[in-house]
Each structure stands twice: as structure tokens, then as C-alpha cells.
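These notes are about the structure you will find just below.
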Amino acid sequence: MGRGQRLGLFAGSGVGKSVLLGMMARYTQADVIVVGLIGERGREVKEFIENILGEEGLARSVVVAAPADTSPLLRLQGAAYATAIAEYFRDSGKHVLLIMDSLTRYAMAQREISLAIGEPPATKGYPPSVFAKLPQLVERAGNGNQNSGSITAFYTVLAEGDDQNDPIADSARAILDGHIVLSRRLAESGHYPAIDIEASISRVMTSVVPQQQTNLARLFKSLYSRYQRSHDLISVGAYVAGTDPELDRAIRLYPSLEKFLLQNMFQHENFADSLAKLSRLFESEGIR
């Protein structure tokens, strides 16, 4: 994650999206946090502020809420207002974390307005103006001029029925600088945060981290993916050790790989410690 990057958080309902956003808000090193709660249930607003954000996160946060029972115009304005507040702090030289929950509800509000004024639906009921509005909002985040601050933004995208090919999800992937996918399968198995590292990607990673970290991350992903692809064979005892040296190494390291990906919602991990733990994972294999 680079400063000024815009990432999408793709998730269905009930897979730990709000908790993950709260963890980001509590533990970020950003100067200011701006949270836009757009089109969510009214009950979730109070819950997010009091339980998930907490006193620690709220102390440096601005929260803009336009719940589901407000008019579509207010929901559009809520998203624009939250972005404008983030822009103000960025232009004041601050580094801002902008959390927008959710981009999908923003698109739905625009759809309601467009259909009401007679614009014909095009893609799965969404008029063309919806897809024109999304980049206009998202492109406002990012780095400012040389002497100003930055807006690092997370936009949540609701995958209806866990469908990652929903038109809004598809459009968001094209205009954002990467995406984090939350998996219902992982959430149901008690794996939190339920981030599917195989489906998640950052377009700027190679530009903002050392080459050693890039190499270790690729190796981690390769071994983790290798184990997942052969999970059924391993579970039923059909795989014979020694057949595939790379898979043998993945099986040997898998408990450590999975443990590395788990994090309690009140557990704080800083960047340097995480990188050191990642390096230690492969020391037994003679890789540094």
C-alpha cells in the first residue's frame, strides 16, 4: 500500500469488512481519518463509531454518514462531502486516510436518480452515467502537489451474492490502484481477516517496497497457492510425499504461512515487525 494509493475492498455481506476498516482507522499512522458511511444501515453508523472505531480511532477522525433511509441525492452529496473534507486536510499538508463504505451504495444512489429522470438502463440495470460518476469521485483522492499531503483511500465494493463480476465491481477494478478481496470461505472457517491473498493485488507494490520484500511475497503467495490447489488430495491422503518437492515444501510451511495471515481485531502489527516475521518464515529453508 503506497501513500496516495486508492484501493478497493471487495466483499460480500458479513465477512468482516467493517471490522477490518476499524482496524485500519485505529492503527494507521495517518494524521487524519475521514470516514464516509454511505447507504449503510442507520444502526451500523452508531456501531461503527462506538464499537469498531472506538475512542482511539475517533480522536482523529471525521465521520460523514448518509444512511440507507436518506434520499439518493443526500447519499451522493455525502460521498462528495467526505472527499472534500479529505481534500481540505490534504491541501493543509496532512496525510489523510479516507475510508468510503461503500462505493456500491454510491453507484446505486446515482442509478436511482438517473432512472427517475428517464435515462435508459444499460448494463444490468445501471445507466451509463453511473460509470461516468465513479471515476469522478475516485480520482479526487491521491497525492497532492509536491508540498501538500496525500489521501490514501479505501473504497468498499459490495459483491452481490459474492459475485466478483458484478458491473460495479468490474468498473471499480478498472479505475482503482488495486483490490483486496475478502473471502466468505475463509470467514466461515474462522480465518480473520478473511483476505484472499491469491485474488488480491496491488498495482504499485513493486514501486514502494524493497526488492527483497517483493521476492518474499511472491514466494509466500506461490507456496500458499500451491497448497490450496492440492488441498483436496492432501486431505484424503492421496498425495504421496516426495512426488513434488515444491508441494512438499508448501505442506511443511503451510501452518506457519496460515498463522502469519491471522490477526486479532485488537492486535496491532507494524510494518517493520511484519516484514521481519515474513523473513523468518523462510529461514529454515535457507531463504532470506
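Simple scheme: letters A, B, ... for chains in C-alpha cells order, numbers from 1 for residues in each chain, numbers from 1 for ligands in the order shown.
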List the spatial neighbours of Glu160 of chain A as a list of chain:residue names - criterion: any atom at most 10 Å away, only C-alpha atoms, same-chain residues fewer than 4 positions off excluded.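 Once the adjacent positions are removed, what remains is A:Ala11, A:Gly12, A:Ser13, A:Thr104, A:Gln164, A:Asn165, A:Asp166, A:Ile168, A:Ala169.
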With a distance cut-off of 10 Å and only C-alpha atoms, select the neighbouring residues of Ala84 of chain A, excluding the residue or stretch itself and same-chain residues fewer than 4 positions from it, and output the selection as number ranges by chain. A: 34, 78-80, 88-90, 140-141
Minimum-distance residue to Gly8 of chain A, chosen among A:Ala66, A:Leu103, A:Leu74, A:Leu233 (using only C-alpha atoms):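 Using only C-alpha atoms, Gly8 of chain A sits closest to A:Leu103.
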Please identify all polymer residues within 9 Å of Leu9 of chain A, counting only C-alpha atoms, omitting same-chain residues fewer than 3 positions from it, and present them as a list in words.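 Here the answer would be Lys17, Phe154, Tyr155, Thr156, Val157, Leu158, His179, Ile180, Val181 and Leu182 of chain A.
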May I have the residues from that selection written out with C-alpha atoms, as a PDB file, in the first residue's frame?
ATOM      1  CA  LYS A  17     -15.358  -5.782   6.212  1.00  0.00           C
ATOM      2  CA  PHE A 154     -10.114   2.539   0.669  1.00  0.00           C
ATOM      3  CA  TYR A 155     -13.416   2.138  -1.175  1.00  0.00           C
ATOM      4  CA  THR A 156     -15.517  -0.848  -0.197  1.00  0.00           C
ATOM      5  CA  VAL A 157     -17.299  -2.601  -3.049  1.00  0.00           C
ATOM      6  CA  LEU A 158     -20.152  -4.959  -2.197  1.00  0.00           C
ATOM      7  CA  HIS A 179      -8.029  -4.559  -4.798  1.00  0.00           C
ATOM      8  CA  ILE A 180      -8.309  -6.596  -1.605  1.00  0.00           C
ATOM      9  CA  VAL A 181     -10.807  -9.465  -1.831  1.00  0.00           C
ATOM     10  CA  LEU A 182     -12.477 -10.823   1.309  1.00  0.00           C
TER      11      LEU A 182
END
Please, which residues of segment 84-179 of chain A, numbered as in this document, come out strand (DSSP E) from DSSP, as a list of chain:residue names? A:His95, A:Val96, A:Leu97, A:Leu98, A:Ile99, A:Met100, A:Asp101, A:Gly142, A:Asn143, A:Ser150, A:Ile151, A:Thr152, A:Ala153, A:Phe154, A:Tyr155, A:Thr156, A:Val157, A:Leu158, A:Gly178, A:His179
I'd like the neighbourhood of Leu37 of chain A as JSON, numbers by chain, where a residue qualifies if any of its atoms comes within 12 Å (using only C-alpha atoms), though same-chain residues fewer than 4 positions away should be ignored. {"A": [18, 21, 41, 42, 43, 44, 45, 46, 47, 48, 49, 62, 63, 64, 65, 66, 67, 68, 70, 74, 75, 76, 77, 78, 79, 80, 81, 82, 83, 98, 99, 100, 101, 102, 103, 104, 105, 106, 155, 156]}
Can you spit out the residues from that selection as a short mmCIF file (atom, residue, chain, number, x, y, z; two decimals), in the first residue's frame, using N, CA and C atoms?
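That gives us result-v3.cif:
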data_model
loop_
_atom_site.label_atom_id
_atom_site.label_comp_id
_atom_site.auth_asym_id
_atom_site.auth_seq_id
_atom_site.Cartn_x
_atom_site.Cartn_y
_atom_site.Cartn_z
N SER A 18 -16.32 -4.37 7.98
CA SER A 18 -16.36 -3.23 8.90
C SER A 18 -15.29 -3.33 9.98
N LEU A 21 -11.96 -2.37 8.44
CA LEU A 21 -11.88 -0.92 8.28
C LEU A 21 -11.59 -0.24 9.62
N ARG A 41 -26.86 0.68 6.74
CA ARG A 41 -27.95 0.74 7.72
C ARG A 41 -27.64 1.78 8.79
N GLY A 42 -28.69 2.50 9.23
CA GLY A 42 -28.51 3.52 10.25
C GLY A 42 -27.90 2.98 11.53
N ARG A 43 -28.29 1.75 11.88
CA ARG A 43 -27.77 1.12 13.09
C ARG A 43 -26.26 0.92 13.00
N GLU A 44 -25.75 0.66 11.79
CA GLU A 44 -24.33 0.41 11.60
C GLU A 44 -23.48 1.65 11.88
N VAL A 45 -24.08 2.84 11.71
CA VAL A 45 -23.33 4.08 11.91
C VAL A 45 -22.88 4.20 13.37
N LYS A 46 -23.83 4.05 14.28
CA LYS A 46 -23.51 4.13 15.71
C LYS A 46 -22.56 3.01 16.12
N GLU A 47 -22.82 1.81 15.61
CA GLU A 47 -21.97 0.66 15.93
C GLU A 47 -20.54 0.87 15.45
N PHE A 48 -20.39 1.43 14.25
CA PHE A 48 -19.06 1.67 13.70
C PHE A 48 -18.30 2.70 14.54
N ILE A 49 -19.00 3.78 14.92
CA ILE A 49 -18.35 4.85 15.68
C ILE A 49 -17.97 4.39 17.08
N VAL A 62 -12.99 12.21 11.18
CA VAL A 62 -14.19 12.94 10.78
C VAL A 62 -15.11 11.90 10.15
N VAL A 63 -16.33 11.80 10.65
CA VAL A 63 -17.27 10.80 10.12
C VAL A 63 -18.43 11.50 9.42
N VAL A 64 -18.65 11.14 8.16
CA VAL A 64 -19.79 11.66 7.39
C VAL A 64 -20.71 10.47 7.12
N ALA A 65 -21.97 10.59 7.56
CA ALA A 65 -22.91 9.47 7.40
C ALA A 65 -24.14 9.88 6.60
N ALA A 66 -24.46 9.09 5.59
CA ALA A 66 -25.70 9.26 4.82
C ALA A 66 -26.31 7.87 4.71
N PRO A 67 -27.07 7.44 5.73
CA PRO A 67 -27.58 6.06 5.78
C PRO A 67 -28.55 5.73 4.65
N ALA A 68 -28.97 4.47 4.62
CA ALA A 68 -29.80 3.95 3.53
C ALA A 68 -31.15 4.62 3.43
N THR A 70 -31.84 7.76 3.75
CA THR A 70 -31.79 9.14 3.24
C THR A 70 -32.04 9.11 1.73
N LEU A 74 -28.82 12.91 -1.14
CA LEU A 74 -28.02 13.06 0.07
C LEU A 74 -26.88 12.05 0.12
N ARG A 75 -27.14 10.84 -0.39
CA ARG A 75 -26.08 9.83 -0.40
C ARG A 75 -24.94 10.24 -1.35
N LEU A 76 -25.32 10.79 -2.50
CA LEU A 76 -24.30 11.29 -3.43
C LEU A 76 -23.51 12.43 -2.79
N GLN A 77 -24.24 13.35 -2.15
CA GLN A 77 -23.59 14.50 -1.53
C GLN A 77 -22.70 14.07 -0.36
N GLY A 78 -23.14 13.03 0.38
CA GLY A 78 -22.34 12.53 1.50
C GLY A 78 -20.97 12.06 1.05
N ALA A 79 -20.92 11.32 -0.06
CA ALA A 79 -19.65 10.83 -0.59
C ALA A 79 -18.78 12.00 -1.08
N ALA A 80 -19.41 12.96 -1.76
CA ALA A 80 -18.67 14.13 -2.25
C ALA A 80 -18.16 14.97 -1.08
N TYR A 81 -18.97 15.09 -0.02
CA TYR A 81 -18.62 15.89 1.15
C TYR A 81 -17.43 15.27 1.89
N ALA A 82 -17.46 13.96 2.08
CA ALA A 82 -16.35 13.26 2.75
C ALA A 82 -15.05 13.44 1.96
N THR A 83 -15.14 13.36 0.62
CA THR A 83 -13.96 13.56 -0.23
C THR A 83 -13.46 14.99 -0.14
N LEU A 98 -8.71 7.99 3.84
CA LEU A 98 -10.13 8.12 3.50
C LEU A 98 -10.74 6.72 3.37
N ILE A 99 -11.77 6.46 4.16
CA ILE A 99 -12.48 5.18 4.10
C ILE A 99 -13.90 5.45 3.61
N MET A 100 -14.26 4.90 2.46
CA MET A 100 -15.59 5.11 1.89
C MET A 100 -16.34 3.78 1.87
N ASP A 101 -17.41 3.72 2.66
CA ASP A 101 -18.19 2.48 2.77
C ASP A 101 -19.66 2.80 2.45
N SER A 102 -20.17 2.59 1.25
CA SER A 102 -19.49 1.83 0.21
C SER A 102 -19.67 2.52 -1.15
N LEU A 103 -18.76 2.18 -2.06
CA LEU A 103 -18.82 2.71 -3.42
C LEU A 103 -20.04 2.17 -4.16
N THR A 104 -20.45 0.96 -3.81
CA THR A 104 -21.62 0.33 -4.46
C THR A 104 -22.89 1.10 -4.14
N ARG A 105 -23.08 1.50 -2.87
CA ARG A 105 -24.27 2.27 -2.48
C ARG A 105 -24.27 3.64 -3.16
N TYR A 106 -23.09 4.21 -3.35
CA TYR A 106 -22.97 5.48 -4.09
C TYR A 106 -23.47 5.29 -5.52
N TYR A 155 -12.01 2.12 -0.78
CA TYR A 155 -13.42 2.14 -1.18
C TYR A 155 -13.95 0.71 -1.09
N THR A 156 -14.95 0.50 -0.26
CA THR A 156 -15.52 -0.85 -0.20
C THR A 156 -16.49 -1.05 -1.37
#
Nearby residues (only C-alpha atoms) at most 8 Å from Ile151 of chain A, same-chain spacing under 5 positions excluded, as a list in words: Arg3, Gly4, Gln5, Ala86, Glu87, Arg90, His95, Val96, Leu97, Leu98, Ala141, Gly142, Asn143 and Gly144 of chain A
Please produce a file of those selected residues containing N, CA, C and O atoms, as a compact mmCIF listing (two decimals), in the first residue's frame.
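The new file again.txt reads:
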# COMPACT_ATOMS: atom_id res chain seq x y z
N ARG A 3 1.43 5.46 -0.12
CA ARG A 3 0.74 6.68 0.29
C ARG A 3 0.12 7.35 -0.94
O ARG A 3 0.79 7.55 -1.94
N GLY A 4 -1.17 7.65 -0.86
CA GLY A 4 -1.86 8.24 -2.01
C GLY A 4 -2.48 7.20 -2.93
O GLY A 4 -3.07 7.55 -3.95
N GLN A 5 -2.37 5.93 -2.57
CA GLN A 5 -2.95 4.87 -3.40
C GLN A 5 -4.45 4.75 -3.11
O GLN A 5 -4.93 5.09 -2.03
N ALA A 86 -11.53 15.45 3.05
CA ALA A 86 -10.20 14.84 2.89
C ALA A 86 -9.28 15.73 2.05
O ALA A 86 -8.10 15.89 2.36
N GLU A 87 -9.84 16.34 1.00
CA GLU A 87 -9.05 17.25 0.15
C GLU A 87 -8.57 18.47 0.94
O GLU A 87 -7.44 18.93 0.76
N ARG A 90 -5.70 17.36 3.06
CA ARG A 90 -4.54 17.10 2.19
C ARG A 90 -3.87 18.39 1.78
O ARG A 90 -2.63 18.52 1.83
N HIS A 95 -1.48 13.99 5.94
CA HIS A 95 -1.65 12.69 5.27
C HIS A 95 -2.96 12.10 5.77
O HIS A 95 -3.14 11.88 6.97
N VAL A 96 -3.88 11.87 4.85
CA VAL A 96 -5.26 11.50 5.18
C VAL A 96 -5.53 10.05 4.78
O VAL A 96 -5.14 9.61 3.70
N LEU A 97 -6.22 9.33 5.67
CA LEU A 97 -6.77 8.02 5.31
C LEU A 97 -8.26 8.22 5.08
O LEU A 97 -8.99 8.62 5.98
N LEU A 98 -8.71 7.99 3.84
CA LEU A 98 -10.13 8.12 3.50
C LEU A 98 -10.74 6.72 3.37
O LEU A 98 -10.26 5.89 2.59
N ALA A 141 -9.08 11.47 -4.93
CA ALA A 141 -8.13 11.00 -3.92
C ALA A 141 -6.75 10.86 -4.57
O ALA A 141 -6.61 10.90 -5.78
N GLY A 142 -5.73 10.72 -3.73
CA GLY A 142 -4.37 10.56 -4.25
C GLY A 142 -3.42 11.58 -3.64
O GLY A 142 -3.76 12.29 -2.69
N ASN A 143 -2.23 11.68 -4.21
CA ASN A 143 -1.23 12.63 -3.71
C ASN A 143 -1.51 14.03 -4.24
O ASN A 143 -1.97 14.20 -5.37
N GLY A 144 -1.22 15.05 -3.40
CA GLY A 144 -1.39 16.43 -3.81
C GLY A 144 -0.15 16.96 -4.49
O GLY A 144 0.68 16.19 -5.00
For Glu112 of chain A, list every protein, DNA or RNA residue within 12 Å, evaluated using only C-alpha atoms, and leave out those in the same chain fewer than 2 positions away; present the list as an NGL selection string. :A and (71-73 or 75-76 or 105-110 or 114-121 or 125-127 or 129-130)
Generate a file of the selected residues that holds N, CA and C atoms, formatted as a compact mmCIF listing (two decimals), in the first residue's frame.
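As written to disk, out-v8.txt reads:
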# COMPACT_ATOMS: atom_id res chain seq x y z
N SER A 71 -32.29 10.27 1.15
CA SER A 71 -32.57 10.34 -0.29
C SER A 71 -31.30 10.04 -1.08
N PRO A 72 -31.44 9.57 -2.33
CA PRO A 72 -30.24 9.29 -3.14
C PRO A 72 -29.37 10.52 -3.34
N LEU A 73 -29.98 11.71 -3.41
CA LEU A 73 -29.18 12.94 -3.55
C LEU A 73 -28.28 13.15 -2.34
N ARG A 75 -27.14 10.84 -0.39
CA ARG A 75 -26.08 9.83 -0.40
C ARG A 75 -24.94 10.24 -1.35
N LEU A 76 -25.32 10.79 -2.50
CA LEU A 76 -24.30 11.29 -3.43
C LEU A 76 -23.51 12.43 -2.79
N ARG A 105 -23.08 1.50 -2.87
CA ARG A 105 -24.27 2.27 -2.48
C ARG A 105 -24.27 3.64 -3.16
N TYR A 106 -23.09 4.21 -3.35
CA TYR A 106 -22.97 5.48 -4.09
C TYR A 106 -23.47 5.29 -5.52
N ALA A 107 -23.04 4.20 -6.15
CA ALA A 107 -23.47 3.91 -7.53
C ALA A 107 -24.97 3.66 -7.59
N MET A 108 -25.52 2.98 -6.58
CA MET A 108 -26.96 2.71 -6.55
C MET A 108 -27.76 4.01 -6.41
N ALA A 109 -27.24 4.95 -5.63
CA ALA A 109 -27.91 6.25 -5.48
C ALA A 109 -27.96 6.98 -6.81
N GLN A 110 -26.84 6.94 -7.54
CA GLN A 110 -26.81 7.57 -8.87
C GLN A 110 -27.76 6.86 -9.83
N SER A 114 -30.75 8.62 -11.97
CA SER A 114 -30.73 8.53 -13.44
C SER A 114 -32.00 7.90 -13.99
N LEU A 115 -32.46 6.82 -13.35
CA LEU A 115 -33.68 6.17 -13.81
C LEU A 115 -34.90 7.07 -13.61
N ALA A 116 -34.88 7.85 -12.51
CA ALA A 116 -36.01 8.75 -12.22
C ALA A 116 -36.16 9.85 -13.26
N ILE A 117 -35.03 10.28 -13.85
CA ILE A 117 -35.10 11.36 -14.86
C ILE A 117 -35.19 10.80 -16.28
N GLY A 118 -35.33 9.47 -16.39
CA GLY A 118 -35.60 8.87 -17.69
C GLY A 118 -34.41 8.34 -18.46
N GLU A 119 -33.24 8.24 -17.82
CA GLU A 119 -32.07 7.69 -18.52
C GLU A 119 -32.25 6.17 -18.68
N PRO A 120 -32.05 5.63 -19.86
CA PRO A 120 -32.28 4.18 -20.06
C PRO A 120 -31.20 3.34 -19.38
N PRO A 121 -31.60 2.22 -18.77
CA PRO A 121 -30.60 1.31 -18.17
C PRO A 121 -29.79 0.63 -19.26
N GLY A 125 -29.05 -3.07 -15.53
CA GLY A 125 -29.91 -2.09 -14.88
C GLY A 125 -29.22 -0.79 -14.50
N TYR A 126 -27.92 -0.67 -14.74
CA TYR A 126 -27.19 0.56 -14.41
C TYR A 126 -27.09 1.46 -15.65
N PRO A 127 -27.57 2.71 -15.58
CA PRO A 127 -27.42 3.63 -16.71
C PRO A 127 -25.96 4.03 -16.91
N SER A 129 -24.48 6.87 -16.95
CA SER A 129 -23.99 7.95 -16.10
C SER A 129 -23.37 7.44 -14.80
N VAL A 130 -23.81 6.26 -14.34
CA VAL A 130 -23.25 5.67 -13.11
C VAL A 130 -21.76 5.41 -13.29
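Between Ser256 of chain A and the residues A:Glu283, A:Asp244, A:Glu56, A:Glu198, the shortest atom-to-atom distance, using only C-alpha atoms, involves A:Glu283.
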Give the alpha helix (DSSP H) residues of segment 74-220 of chain A, as DSSP finds them on the backbone, and put them as an MDAnalysis selection string. chainID A and resid 74:91 103:116 128:138 167:175 184:188 205:208 211:220
